[in-house]
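Raw contents of query-v1.tsv, TSV, C-alpha atoms and all ligand atoms:
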chain	number	residue	atom	x	y	z
M	1	MET	CA	4.67	29.61	5.11
M	2	ARG	CA	5.28	27.02	2.40
M	3	SER	CA	8.22	27.58	0.07
M	4	ASP	CA	7.44	28.26	-3.60
M	5	LYS	CA	10.49	26.24	-4.63
M	6	HIS	CA	8.59	22.99	-4.31
M	7	LYS	CA	9.15	20.14	-6.77
M	8	ARG	CA	5.97	18.14	-7.23
M	9	LEU	CA	6.45	14.53	-6.23
M	10	VAL	CA	6.23	12.01	-9.07
M	11	ILE	CA	7.94	9.34	-6.93
M	12	PRO	CA	5.98	6.33	-5.65
M	13	GLY	CA	5.88	7.54	-2.10
M	14	PRO	CA	5.74	9.88	-0.46
M	15	VAL	CA	3.37	11.32	-3.06
M	16	GLU	CA	2.22	14.89	-3.58
M	17	VAL	CA	-0.19	16.13	-0.89
M	18	ARG	CA	-2.73	18.81	-1.75
M	19	PRO	CA	-2.46	22.12	0.16
M	20	GLU	CA	-5.97	21.67	1.64
M	21	ILE	CA	-4.87	18.40	3.17
M	22	LEU	CA	-1.61	19.85	4.49
M	23	ASP	CA	-3.66	22.66	6.06
M	24	ALA	CA	-6.06	20.22	7.71
M	25	GLN	CA	-3.18	19.13	9.95
M	26	ALA	CA	-2.78	22.62	11.38
M	27	GLN	CA	-5.83	22.63	13.65
M	28	TRP	CA	-5.46	23.05	17.42
M	29	MET	CA	-4.35	19.85	19.11
M	30	ILE	CA	-6.81	17.93	21.25
M	31	GLY	CA	-6.08	15.45	24.01
M	32	HIS	CA	-6.75	11.87	23.00
M	33	ARG	CA	-8.66	11.09	26.17
M	34	THR	CA	-11.42	13.59	25.33
M	35	THR	CA	-14.87	13.25	23.79
M	36	ALA	CA	-13.70	15.40	20.86
M	37	PHE	CA	-11.13	12.71	20.07
M	38	ALA	CA	-13.58	9.84	20.56
M	39	ASP	CA	-15.94	11.58	18.12
M	40	LEU	CA	-13.13	11.98	15.58
M	41	PHE	CA	-12.17	8.32	16.02
M	42	ALA	CA	-15.77	7.16	15.52
M	43	ARG	CA	-16.22	9.29	12.40
M	44	LEU	CA	-12.95	7.96	10.99
M	45	GLN	CA	-14.02	4.34	11.64
M	46	ASP	CA	-17.21	4.89	9.68
M	47	LYS	CA	-15.39	6.49	6.74
M	48	LEU	CA	-12.47	4.04	6.75
M	49	LYS	CA	-14.84	1.07	6.63
M	50	GLN	CA	-16.43	2.57	3.51
M	51	ALA	CA	-13.02	3.21	1.95
M	52	PHE	CA	-11.69	-0.29	2.70
M	53	LEU	CA	-15.03	-1.93	1.78
M	54	THR	CA	-15.12	-3.81	5.05
M	55	GLN	CA	-17.74	-4.45	7.70
M	56	TYR	CA	-15.05	-5.04	10.33
M	57	ARG	CA	-12.64	-2.41	11.68
M	58	VAL	CA	-9.72	-0.37	10.39
M	59	PHE	CA	-6.92	0.13	12.90
M	60	ILE	CA	-5.04	3.43	12.83
M	61	SER	CA	-1.36	3.04	13.67
M	62	GLY	CA	1.13	5.73	14.60
M	63	SER	CA	3.83	4.17	12.45
M	64	SER	CA	4.67	3.69	8.81
M	65	GLY	CA	3.42	0.62	6.95
M	66	THR	CA	6.47	-1.33	8.05
M	67	GLY	CA	5.12	-1.35	11.60
M	68	LEU	CA	1.97	-3.06	10.44
M	69	TRP	CA	4.00	-5.77	8.67
M	70	GLU	CA	5.39	-6.51	12.11
M	71	GLY	CA	1.91	-6.32	13.65
M	72	ALA	CA	0.41	-8.63	11.02
M	73	SER	CA	3.16	-11.25	11.36
M	74	ARG	CA	3.22	-11.13	15.15
M	75	ASN	CA	-0.54	-11.31	15.69
M	76	CYS	CA	-1.38	-13.92	13.05
M	77	ILE	CA	1.37	-16.57	13.06
M	78	ARG	CA	1.50	-18.99	16.00
M	79	ASP	CA	4.64	-20.67	17.36
M	80	GLY	CA	5.12	-24.05	15.74
M	81	HIS	CA	3.12	-22.92	12.70
M	82	LYS	CA	4.23	-21.35	9.45
M	83	ALA	CA	3.40	-18.51	7.10
M	84	LEU	CA	3.67	-18.56	3.33
M	85	HIS	CA	5.13	-15.38	1.81
M	86	LEU	CA	4.74	-14.50	-1.87
M	87	VAL	CA	7.92	-12.69	-2.91
M	88	GLY	CA	8.70	-10.90	-6.17
M	89	GLY	CA	10.30	-7.55	-5.42
M	90	ALA	CA	11.98	-5.38	-2.82
M	91	PHE	CA	8.95	-4.86	-0.55
M	92	SER	CA	7.71	-8.45	-0.47
M	93	GLU	CA	11.33	-9.48	0.30
M	94	ARG	CA	11.39	-7.14	3.25
M	95	TRP	CA	8.13	-8.45	4.74
M	96	VAL	CA	9.68	-11.95	4.86
M	97	ASP	CA	12.63	-10.50	6.78
M	98	VAL	CA	10.20	-8.89	9.22
M	99	SER	CA	8.48	-12.25	9.84
M	100	ARG	CA	11.80	-14.07	10.28
M	101	LEU	CA	13.26	-11.41	12.59
M	102	ASN	CA	10.15	-11.77	14.74
M	103	GLY	CA	10.96	-15.48	15.09
M	104	LYS	CA	8.31	-16.72	12.67
M	105	GLU	CA	8.77	-19.77	10.47
M	106	VAL	CA	8.17	-19.01	6.81
M	107	ASP	CA	8.09	-20.63	3.41
M	108	VAL	CA	8.51	-18.48	0.34
M	109	ILE	CA	7.23	-18.64	-3.22
M	110	GLU	CA	9.63	-16.47	-5.13
M	111	VAL	CA	9.05	-15.22	-8.68
M	112	PRO	CA	11.53	-13.15	-10.73
M	113	TRP	CA	11.18	-9.37	-10.35
M	114	GLY	CA	8.55	-8.15	-12.80
M	115	GLN	CA	6.47	-11.33	-12.64
M	116	ALA	CA	3.20	-11.91	-10.80
M	117	HIS	CA	2.17	-14.79	-8.54
M	118	THR	CA	-0.51	-17.10	-9.89
M	119	PRO	CA	-3.29	-18.84	-7.92
M	120	ASP	CA	-1.85	-22.20	-9.08
M	121	MET	CA	1.47	-21.55	-7.37
M	122	VAL	CA	-0.34	-20.86	-4.12
M	123	ALA	CA	-2.76	-23.79	-4.52
M	124	ASP	CA	0.22	-26.17	-4.94
M	125	ALA	CA	1.93	-24.90	-1.82
M	126	LEU	CA	-1.28	-25.23	0.21
M	127	LYS	CA	-1.62	-28.87	-0.84
M	128	ARG	CA	1.81	-29.64	0.61
M	129	GLU	CA	1.76	-27.72	3.90
M	130	ARG	CA	-0.61	-26.05	6.36
M	131	TYR	CA	-0.12	-22.35	6.92
M	132	ASP	CA	-1.38	-19.93	9.55
M	133	ALA	CA	-1.26	-17.15	6.99
M	134	VAL	CA	-0.44	-16.32	3.39
M	135	CYS	CA	1.27	-12.94	3.03
M	136	ILE	CA	0.58	-11.30	-0.32
M	137	THR	CA	1.92	-8.03	-1.70
M	138	HIS	CA	-0.89	-6.53	-3.76
M	139	ASN	CA	1.10	-3.86	-5.58
M	140	GLU	CA	4.88	-4.46	-5.65
M	141	THR	CA	6.06	-0.86	-5.80
M	142	SER	CA	9.61	-1.76	-6.87
M	143	THR	CA	8.54	-3.58	-10.05
M	144	GLY	CA	5.11	-2.11	-10.85
M	145	VAL	CA	3.39	-5.51	-10.66
M	146	THR	CA	-0.15	-5.78	-9.29
M	147	ASN	CA	-1.01	-9.27	-8.11
M	148	ASP	CA	-4.51	-10.64	-8.62
M	149	VAL	CA	-5.39	-10.76	-4.92
M	150	LYS	CA	-8.97	-11.84	-5.62
M	151	ALA	CA	-7.92	-14.94	-7.60
M	152	ILE	CA	-5.19	-15.85	-5.11
M	153	ALA	CA	-7.54	-15.41	-2.15
M	154	ASP	CA	-10.07	-17.70	-3.85
M	155	VAL	CA	-7.68	-20.66	-3.61
M	156	ILE	CA	-6.75	-19.88	0.02
M	157	ARG	CA	-10.24	-19.45	1.47
M	158	PRO	CA	-11.13	-23.18	1.63
M	159	TYR	CA	-8.30	-23.56	4.20
M	160	GLU	CA	-10.08	-22.37	7.32
M	161	ASP	CA	-6.98	-21.90	9.48
M	162	THR	CA	-5.16	-19.83	6.88
M	163	LEU	CA	-5.49	-16.08	7.19
M	164	ILE	CA	-5.13	-13.90	4.10
M	165	LEU	CA	-2.82	-10.97	4.85
M	166	VAL	CA	-2.27	-8.32	2.20
M	167	ASP	CA	0.21	-5.48	1.89
M	168	THR	CA	-1.66	-2.97	-0.28
M	169	VAL	CA	0.54	-0.04	0.73
M	170	SER	CA	0.75	1.36	-2.81
M	171	GLY	CA	-2.48	-0.19	-4.09
M	172	ILE	CA	-5.60	0.63	-2.09
M	173	MET	CA	-7.26	3.99	-2.88
M	174	GLY	CA	-5.66	3.82	-6.35
M	175	ALA	CA	-6.08	0.26	-7.56
M	176	GLU	CA	-9.35	-1.64	-7.07
M	177	PHE	CA	-9.36	-3.36	-3.69
M	178	ARG	CA	-12.38	-5.10	-2.15
M	179	THR	CA	-11.42	-6.30	1.30
M	180	ASP	CA	-14.45	-8.30	2.40
M	181	ALA	CA	-15.69	-9.38	-1.03
M	182	TRP	CA	-12.27	-10.92	-1.74
M	183	GLY	CA	-12.09	-12.54	1.71
M	184	VAL	CA	-9.02	-10.57	2.78
M	185	ASP	CA	-8.48	-10.83	6.56
M	186	LEU	CA	-5.99	-8.02	6.90
M	187	ALA	CA	-5.19	-5.26	4.41
M	188	LEU	CA	-2.46	-2.87	5.46
M	189	THR	CA	-1.39	0.44	3.97
M	190	SER	CA	0.59	3.61	4.66
M	191	SER	CA	-0.66	7.17	4.49
M	192	GLN	CA	1.95	8.45	1.99
M	193	LYS	CA	1.14	6.33	-1.06
M	194	ALA	CA	-2.22	6.19	-2.87
M	195	PHE	CA	-3.97	7.76	0.15
M	196	ALA	CA	-1.99	10.94	-0.68
M	197	LEU	CA	-1.41	11.98	2.92
M	198	PRO	CA	1.84	12.95	4.62
M	199	PRO	CA	3.84	9.98	5.97
M	200	GLY	CA	3.57	8.80	9.58
M	201	LEU	CA	0.30	6.96	9.77
M	202	ALA	CA	-0.58	3.42	8.77
M	203	LEU	CA	-3.94	1.69	8.45
M	204	ALA	CA	-5.07	-1.93	8.51
M	205	SER	CA	-8.48	-3.46	8.08
M	206	VAL	CA	-8.68	-6.44	10.44
M	207	SER	CA	-11.29	-9.21	10.35
M	208	ASP	CA	-12.77	-10.97	13.38
M	209	ARG	CA	-10.79	-14.05	12.33
M	210	VAL	CA	-7.55	-12.13	12.85
M	211	LEU	CA	-8.58	-11.11	16.36
M	212	GLU	CA	-9.59	-14.70	17.21
M	213	ARG	CA	-6.17	-15.86	16.03
M	214	ALA	CA	-4.33	-13.08	17.87
M	215	LYS	CA	-5.86	-14.20	21.18
M	216	THR	CA	-4.16	-17.58	20.72
M	217	VAL	CA	-0.72	-16.13	19.90
M	218	THR	CA	1.30	-15.89	23.10
M	219	ASN	CA	4.03	-13.41	22.15
M	220	ARG	CA	2.33	-10.53	20.34
M	221	GLY	CA	4.74	-7.92	21.64
M	222	TYR	CA	3.55	-4.59	23.01
M	223	TYR	CA	3.18	-1.75	20.50
M	224	PHE	CA	1.33	-3.68	17.79
M	225	ASP	CA	-0.86	-5.91	19.98
M	226	PHE	CA	-4.16	-6.11	18.07
M	227	VAL	CA	-6.05	-7.53	21.08
M	228	ASP	CA	-5.14	-4.40	23.03
M	229	TRP	CA	-5.92	-2.18	20.06
M	230	GLU	CA	-9.39	-3.69	19.74
M	231	ALA	CA	-10.15	-3.12	23.44
M	232	SER	CA	-9.26	0.57	23.00
M	233	ALA	CA	-11.02	0.89	19.64
M	234	LYS	CA	-14.26	-0.29	21.25
M	235	LYS	CA	-14.01	2.86	23.38
M	236	ASN	CA	-13.13	4.95	20.30
M	237	ASN	CA	-9.60	5.30	21.50
M	238	THR	CA	-6.04	4.15	20.98
M	239	THR	CA	-3.60	2.40	23.34
M	240	SER	CA	-0.95	5.13	23.12
M	241	THR	CA	-0.81	8.71	21.83
M	242	PRO	CA	-2.07	8.73	18.24
M	243	PRO	CA	-0.87	11.03	15.42
M	244	VAL	CA	-3.77	13.46	15.90
M	245	ALA	CA	-2.68	16.00	13.25
M	246	LEU	CA	-2.49	13.25	10.65
M	247	MET	CA	-5.90	12.02	11.71
M	248	PHE	CA	-7.35	15.48	10.98
M	249	ALA	CA	-5.80	15.26	7.51
M	250	LEU	CA	-7.08	11.70	7.13
M	251	GLU	CA	-10.65	12.81	7.76
M	252	ALA	CA	-10.43	15.62	5.19
M	253	GLN	CA	-8.92	13.23	2.66
M	254	LEU	CA	-11.50	10.49	3.30
M	255	ASP	CA	-14.30	13.01	2.70
M	256	ASP	CA	-12.77	13.86	-0.67
M	257	ILE	CA	-12.08	10.21	-1.56
M	258	LEU	CA	-15.65	9.16	-0.79
M	259	ALA	CA	-16.98	12.16	-2.75
M	260	GLU	CA	-14.89	11.15	-5.78
M	261	THR	CA	-16.10	7.55	-5.17
M	262	LEU	CA	-13.83	4.52	-5.12
M	263	GLN	CA	-14.95	3.59	-8.64
M	264	GLY	CA	-14.06	7.08	-9.85
M	265	ARG	CA	-10.67	6.86	-8.21
M	266	TRP	CA	-9.93	3.42	-9.68
M	267	ALA	CA	-10.95	4.65	-13.16
M	268	ARG	CA	-8.78	7.78	-12.88
M	269	HIS	CA	-5.76	5.66	-11.96
M	270	MET	CA	-6.38	3.28	-14.89
M	271	GLN	CA	-6.60	6.25	-17.22
M	272	MET	CA	-3.28	7.64	-15.96
M	273	ARG	CA	-1.70	4.19	-16.24
M	274	ASP	CA	-2.88	3.77	-19.83
M	275	MET	CA	-1.56	7.22	-20.78
M	276	THR	CA	1.83	6.34	-19.29
M	277	HIS	CA	1.95	2.95	-21.07
M	278	ALA	CA	1.04	4.51	-24.43
M	279	TRP	CA	3.80	7.07	-23.98
M	280	ALA	CA	6.45	4.50	-22.96
M	281	ILE	CA	5.66	2.15	-25.83
M	282	SER	CA	5.53	4.85	-28.50
M	283	ARG	CA	8.91	6.19	-27.29
M	284	GLU	CA	10.42	2.69	-27.59
M	285	PHE	CA	10.78	2.00	-23.93
M	286	GLY	CA	9.62	-1.32	-22.52
M	287	LEU	CA	7.32	-2.01	-19.61
M	288	PHE	CA	9.06	-3.98	-16.86
M	289	ALA	CA	5.99	-5.63	-15.33
M	290	GLN	CA	4.44	-8.72	-16.89
M	291	GLU	CA	1.54	-7.98	-19.22
M	292	GLY	CA	-1.83	-8.37	-17.54
M	293	TYR	CA	-0.42	-7.39	-14.12
M	294	ARG	CA	0.69	-3.81	-14.71
M	295	SER	CA	-0.02	-1.49	-11.83
M	296	PRO	CA	-2.66	1.24	-11.96
M	297	THR	CA	-0.60	3.35	-9.51
M	298	VAL	CA	3.02	3.08	-10.69
M	299	THR	CA	4.61	2.22	-14.03
M	300	THR	CA	8.10	0.75	-14.04
M	301	VAL	CA	9.55	1.82	-17.38
M	302	ASP	CA	12.10	-0.65	-18.80
M	303	ASN	CA	15.03	1.51	-19.86
M	304	GLN	CA	17.30	-1.29	-21.12
M	305	ALA	CA	16.65	-0.79	-24.85
M	306	ARG	CA	16.91	3.02	-24.83
M	307	GLY	CA	19.30	3.42	-21.94
M	308	ILE	CA	18.61	7.05	-21.08
M	309	ASP	CA	20.74	8.50	-18.26
M	310	VAL	CA	18.26	8.48	-15.37
M	311	ASP	CA	20.35	10.88	-13.29
M	312	GLU	CA	20.33	13.42	-16.12
M	313	MET	CA	16.61	12.81	-16.65
M	314	ALA	CA	15.90	13.46	-12.96
M	315	LYS	CA	18.03	16.62	-13.04
M	316	PHE	CA	16.25	17.91	-16.16
M	317	MET	CA	12.81	17.16	-14.75
M	318	GLY	CA	13.82	18.71	-11.42
M	319	GLY	CA	14.47	21.94	-13.28
M	320	LYS	CA	10.91	21.79	-14.58
M	321	GLY	CA	9.52	21.36	-11.07
M	322	TRP	CA	9.11	17.61	-10.80
M	323	SER	CA	10.83	15.18	-8.48
M	324	MET	CA	11.36	11.92	-10.40
M	325	ASP	CA	12.27	8.35	-9.47
M	326	LYS	CA	15.35	6.62	-10.94
M	327	GLY	CA	14.41	2.99	-10.31
M	328	TYR	CA	14.54	0.89	-7.16
M	329	GLY	CA	17.28	-1.32	-5.73
M	330	LYS	CA	18.87	-3.75	-8.12
M	331	ILE	CA	16.89	-2.44	-11.13
M	332	LYS	CA	17.80	1.22	-10.61
M	333	GLY	CA	18.74	2.82	-13.95
M	334	LYS	CA	17.74	-0.28	-15.91
M	335	THR	CA	14.29	0.98	-15.04
M	336	PHE	CA	12.74	4.14	-13.71
M	337	ARG	CA	9.29	4.53	-12.25
M	338	ILE	CA	6.56	7.01	-12.99
M	339	ALA	CA	4.11	7.16	-10.11
M	340	HIS	CA	0.58	8.10	-11.14
M	341	MET	CA	-0.84	7.77	-7.70
M	342	GLY	CA	-2.97	9.50	-5.12
M	343	ASP	CA	-4.57	12.78	-6.11
M	344	MET	CA	-2.60	13.20	-9.35
M	345	GLN	CA	-4.81	14.10	-12.31
M	346	PRO	CA	-4.51	13.00	-15.96
M	347	SER	CA	-3.68	16.60	-16.95
M	348	GLU	CA	-0.59	16.46	-14.75
M	349	VAL	CA	0.46	13.13	-16.29
M	350	GLU	CA	0.30	14.91	-19.67
M	351	GLY	CA	2.65	17.58	-18.36
M	352	ILE	CA	5.10	15.03	-16.94
M	353	LEU	CA	5.18	13.03	-20.17
M	354	ALA	CA	5.67	16.22	-22.20
M	355	GLY	CA	8.62	17.08	-19.94
M	356	LEU	CA	10.11	13.64	-20.51
M	357	ASP	CA	9.64	14.07	-24.25
M	358	GLU	CA	11.61	17.29	-24.10
M	359	PHE	CA	14.41	15.46	-22.29
M	360	ILE	CA	14.61	12.59	-24.79
M	361	GLY	CA	14.14	14.95	-27.73
M	362	ALA	CA	11.00	13.26	-29.00
F	401	LIG	C1	6.29	1.88	0.68
F	401	LIG	C2	5.95	0.44	0.82
F	401	LIG	C3	6.11	-0.25	2.04
F	401	LIG	C4	6.75	0.37	3.24
F	401	LIG	O1	5.91	1.29	3.79
F	401	LIG	P1	6.47	2.36	4.83
F	401	LIG	O2	5.26	3.21	5.06
F	401	LIG	O3	7.61	3.06	4.15
F	401	LIG	O4	6.93	1.62	6.03
F	401	LIG	C5	5.69	-1.55	2.11
F	401	LIG	N1	5.15	-2.17	1.05
F	401	LIG	C6	5.00	-1.56	-0.13
F	401	LIG	C7	4.39	-2.31	-1.26
F	401	LIG	C8	5.39	-0.23	-0.28
F	401	LIG	O5	5.22	0.39	-1.46
Show me, as structure tokens, the structure contained in the file I just sent.
Ligand SMILES: *Cc1c(COP(=O)(O)O)cnc(C)c1O
Amino acid sequence: MRSDKHKRLVIPGPVEVRPEILDAQAQWMIGHRTTAFADLFARLQDKLKQAFLTQYRVFISGSSGTGLWEGASRNCIRDGHKALHLVGGAFSERWVDVSRLNGKEVDVIEVPWGQAHTPDMVADALKRERYDAVCITHNETSTGVTNDVKAIADVIRPYEDTLILVDTVSGIMGAEFRTDAWGVDLALTSSQKAFALPPGLALASVSDRVLERAKTVTNRGYYFDFVDWEASAKKNNTTSTPPVALMFALEAQLDDILAETLQGRWARHMQMRDMTHAWAISREFGLFAQEGYRSPTVTTVDNQARGIDVDEMAKFMGGKGWSMDKGYGKIKGKTFRIAHMGDMQPSEVEGILAGLDEFIGA
């Protein structure tokens, strides 16, 4: 049924999905108002809480991660109050737009692409203004920067009215992420990044504090109303028709993730990151992300010194069976990204780097 002409995905989303996980989607459909579905939902809650390291709940959304940006902003920011957005790349820029387009008032701390946000920057802003929420992008997929969410959350937590909202779309399940231990109120992700599932499903851990806040927000909208979602979740159900096939795949993938262990997964990603860094540096490329904040899941290679033709590189690698990235947005070509994310193994990273060596003639 599947074509044998497949190019394995080395792009930072969607990532390669293992055949077993693709197959898990192909079970018979079940109605979502059945006990079979409620059982599936309950099992998923238990496994998702282990994967997100949270005692609270993990909402399953029939949307991509973008939908949960909207949900987070709408449920957590009251009229007449503000949110603080930390911006330093294409995705964090977009989340601000989502807040603004939903009528929310925002302040922004912007750093140049490739740089990380520091706890001091956030502490200074919090001294000047009260915020309903701070919106942090854990792993900025466009630049390959991983922010130190733990350290930033530490300076926010003393402000009791300020919720800590984190986009970890390309982080969690690859990079270390400890939701409750770090005091994160909401951590949102998509299925097609480090979770290594097909696209179409998004997940968010949500603390009790978020639900308390949501009850006081008058215009939460309809599709992403967390108060409604919680009422359904208590009955092991969803407000509207959920992506059942993807939920079958999610359960299979969670079983494998928990068997590998989170620690094992984090270590494997660090190993693949270090291999990629060593290759880039020895081949006289730069690394675009600031030292100390380089992502375990995606490396943004700085191509400015060497200036390889990224279109030719992608074509060459395509011929070898890999689908490559050519850089994102305004840094396309100046950089290209190597995703080492999801279920990729170090042995495959070796193959990819050997292919790149052949292209550059190293
Ligand atoms: C991919 C990505 C998004 C957008 O997620 P979708 O599932 O495409 O809506 C948001 N934030 C980050 C950091 C991403 O990498």
- Query: Do you know which residues are within 10 Å of ligand LIG 401 (chain F) using only C-alpha atoms and all ligand atoms? Can you write them as a PyMOL selection string?
  - Reply: chain M and resi 12-14+63-69+89-95+136-146+166-171+188-194+199-203+298
- Message: List as a count of residues only the residues having at least one atom at most 12 Å from position (4.9, 10.8, -7.0) as given in the file, counting all atoms listed in the file.
- Response: 39
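When atom CA of Ala153 of chain M is paired with atom CA of Trp182 of chain M, their separation reads 6.5 Å.
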- Query: Out of M:Leu101, M:Ala123, M:Leu246, M:Leu356, which residue has the shortest atom-to-atom distance to Arg283 of chain M when counting only C-alpha atoms?
  - Reply: M:Leu356
- Message: Considering all atoms listed in the file, can you say which of M:Ala259, M:Ile331, M:Met272, M:Ala175 comes closest to Phe288 of chain M?
- Response: M:Ile331
- Counting only C-alpha atoms, figure out which residue out of M:Ala231, M:Ala151, M:Ala354, M:Ala245 gets nearest to Ile21 of chain M.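 Closest candidate: M:Ala245.
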- Task: For Leu48 of chain M, work out the shell of residues within 12 Å, counting only C-alpha atoms and skipping chain neighbours fewer than 5 positions away, then give it as a ChimeraX atom specification.
- Result: /M:40-43,53-60,172-173,179,189,195,203-206,247,250-255,257-258,262
- Message: Counting all atoms listed in the file, which residues sit no farther than 9 Å from the position (-4.8, -13.0, 3.9) in the file's frame? I'd like them as number ranges by chain.
- Response: M: 133-136, 153, 156-157, 162-166, 183-187
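Atom CA of Trp113 of chain M sits 11.1 Å away from atom CA of Gly329 of chain M.
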- What does the distance from atom CA of Met317 of chain M to atom CA of Glu20 of chain M come to in Å, to one decimal?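 Separating atom CA of Met317 of chain M from atom CA of Glu20 of chain M is a distance of 25.3 Å.
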- Query: Which residue out of M:Arg273, M:Asp120, M:Ile360, M:Met29 has the minimum interatomic distance to Glu312 of chain M when all atoms listed in the file are used?
  - Reply: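 Residue with the minimum atom-to-atom distance to Glu312 of chain M: M:Ile360.
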